[in-house]
Amino acid sequence: MTMSEMQDYSSSLEDVNSRKFETFSYLPAMDADRIRKQVEYIISKGWNPAVEHTEPENAFDHYWYMWKLPMFGETDIDTVLKEAEACHKAHPNNHVRLIGFDNYAQSKGAEMVIYRGKPV
């Protein structure tokens with residue numbers, strides 16, 4: 001495939017709906033099964049899951065709000081999924097992202113937006 005055949009993904013700061021966050025943003029929205037597989041991966045690596053959220057218009061220039069504390073040592077996939085869903089239900093217009101904190105590297109091992117909010 002040549003460069004001229006590659007698809008352009010338009011994204012602009014003025015259009016909140018067009019903004020891309022990370023690799024997964026260029027794929028179709030994750031369904032429940034794909035989100036579950038990401039949680040399984042985070043837990044299988046021994047990372048600590050966490051959930052954050054923010055308003056779409058603040059996603060690039062503000063810190064995201066923590067949804068409770070990170071789930072240190074959590075190994076139950078359903079518990080993590082319930083917290084992500086609870087955050088989404090409590091803040092339906094906000095973006096919600098799933099994070100996996102790596103204790104050894106002391107950094108994020110995974111981070112992805114799992115629910116995209118709707119701008120007000």
# chains A, B, ... in the order shown; residues from 1 in each chain; ligands from 1

call {"tool": "residues_around", "arguments": {"residues": "region 38-40 of chain A", "least_positions_apart": "6", "cutoff": "12 Å", "atoms": "only C-alpha atoms", "output": "number ranges by chain"}}
result
A: 24, 30-32, 46-51, 71, 74-84, 97-101, 109-114

call {"tool": "residues_around", "arguments": {"residues": "Trp64 (chain A)", "least_positions_apart": "6", "cutoff": "8 Å", "atoms": "only C-alpha atoms", "output": "JSON, numbers by chain"}}
result
{"A": [52, 53, 54]}

call {"tool": "select_by_dssp", "arguments": {"residues": "region 11-100 of chain A", "states": "strand (DSSP E)", "output": "PyMOL selection string"}}
result
chain A and resi 48-54+65-66+95-100

call {"tool": "residues_around", "arguments": {"residues": "His91 (chain A)", "least_positions_apart": "5", "cutoff": "10 Å", "atoms": "only C-alpha atoms", "output": "MDAnalysis selection string"}}
result
chainID A and resid 53:55 85:86 96 117

call {"tool": "write_last_selection", "arguments": {"atoms": "N, CA and C atoms", "output": "mmCIF file, in the first residue's frame"}}
result
data_model
loop_
_atom_site.group_PDB
_atom_site.id
_atom_site.type_symbol
_atom_site.label_atom_id
_atom_site.label_comp_id
_atom_site.auth_asym_id
_atom_site.auth_seq_id
_atom_site.Cartn_x
_atom_site.Cartn_y
_atom_site.Cartn_z
ATOM 1 N N HIS A 53 -12.449 9.518 34.366
ATOM 2 C CA HIS A 53 -13.428 10.110 33.456
ATOM 3 C C HIS A 53 -13.193 11.609 33.349
ATOM 4 N N THR A 54 -13.684 12.203 32.264
ATOM 5 C CA THR A 54 -13.634 13.655 32.088
ATOM 6 C C THR A 54 -14.622 14.081 31.020
ATOM 7 N N GLU A 55 -14.923 15.366 31.003
ATOM 8 C CA GLU A 55 -15.792 15.915 29.976
ATOM 9 C C GLU A 55 -15.039 15.896 28.647
ATOM 10 N N GLU A 85 -18.559 0.475 34.399
ATOM 11 C CA GLU A 85 -19.952 0.716 34.018
ATOM 12 C C GLU A 85 -20.622 1.700 34.973
ATOM 13 N N ALA A 86 -20.324 1.591 36.270
ATOM 14 C CA ALA A 86 -20.894 2.514 37.257
ATOM 15 C C ALA A 86 -20.432 3.942 36.980
ATOM 16 N N VAL A 96 -14.793 7.836 29.499
ATOM 17 C CA VAL A 96 -14.341 6.967 30.591
ATOM 18 C C VAL A 96 -13.182 6.139 30.067
ATOM 19 N N GLY A 117 -17.846 9.941 25.670
ATOM 20 C CA GLY A 117 -18.953 10.794 26.068
ATOM 21 C C GLY A 117 -19.472 11.619 24.907
#

call {"tool": "closest_residue", "arguments": {"among": "A:Asn58, A:Leu27, A:Ile35, A:Ser44", "to": "Tyr115 (chain A)", "atoms": "only C-alpha atoms"}}
result
A:Ile35

call {"tool": "decode", "arguments": {"residues": "region 59-78 of chain A", "atoms": "N, CA and C atoms", "output": "compact mmCIF listing (two decimals), in the first residue's frame"}}
result
# COMPACT_ATOMS: atom_id res chain seq x y z
N ALA A 59 -10.74 16.79 27.66
CA ALA A 59 -9.95 15.57 27.58
C ALA A 59 -8.47 15.80 27.28
N PHE A 60 -8.13 16.91 26.64
CA PHE A 60 -6.74 17.11 26.23
C PHE A 60 -5.98 18.12 27.07
N ASP A 61 -6.68 18.95 27.82
CA ASP A 61 -5.95 20.00 28.52
C ASP A 61 -6.24 20.05 30.02
N HIS A 62 -6.81 18.98 30.55
CA HIS A 62 -7.09 18.90 31.99
C HIS A 62 -6.76 17.50 32.49
N TYR A 63 -6.53 17.42 33.78
CA TYR A 63 -6.40 16.10 34.38
C TYR A 63 -7.75 15.40 34.36
N TRP A 64 -7.75 14.09 34.26
CA TRP A 64 -8.99 13.32 34.31
C TRP A 64 -9.31 13.04 35.77
N TYR A 65 -10.61 12.93 36.08
CA TYR A 65 -11.05 12.65 37.44
C TYR A 65 -10.91 11.15 37.72
N MET A 66 -10.43 10.82 38.89
CA MET A 66 -10.38 9.41 39.28
C MET A 66 -11.78 8.96 39.69
N TRP A 67 -12.15 7.78 39.28
CA TRP A 67 -13.38 7.16 39.77
C TRP A 67 -12.96 6.25 40.92
N LYS A 68 -13.15 6.72 42.11
CA LYS A 68 -12.69 6.03 43.31
C LYS A 68 -11.17 5.88 43.27
N LEU A 69 -10.62 5.00 44.07
CA LEU A 69 -9.17 4.77 44.08
C LEU A 69 -8.84 3.66 43.08
N PRO A 70 -7.57 3.58 42.64
CA PRO A 70 -7.20 2.42 41.82
C PRO A 70 -7.51 1.13 42.57
N MET A 71 -7.80 0.09 41.83
CA MET A 71 -8.21 -1.19 42.44
C MET A 71 -6.97 -2.05 42.68
N PHE A 72 -6.19 -1.67 43.69
CA PHE A 72 -4.94 -2.34 44.00
C PHE A 72 -5.17 -3.81 44.29
N GLY A 73 -4.49 -4.66 43.54
CA GLY A 73 -4.54 -6.09 43.76
C GLY A 73 -5.82 -6.77 43.30
N GLU A 74 -6.68 -6.05 42.62
CA GLU A 74 -7.96 -6.64 42.18
C GLU A 74 -7.71 -7.68 41.08
N THR A 75 -8.28 -8.86 41.27
CA THR A 75 -8.11 -9.93 40.28
C THR A 75 -9.44 -10.41 39.70
N ASP A 76 -10.54 -9.80 40.13
CA ASP A 76 -11.86 -10.19 39.63
C ASP A 76 -12.24 -9.28 38.47
N ILE A 77 -12.32 -9.84 37.29
CA ILE A 77 -12.64 -9.08 36.08
C ILE A 77 -13.99 -8.40 36.21
N ASP A 78 -14.97 -9.10 36.74
CA ASP A 78 -16.31 -8.54 36.85
C ASP A 78 -16.37 -7.32 37.77
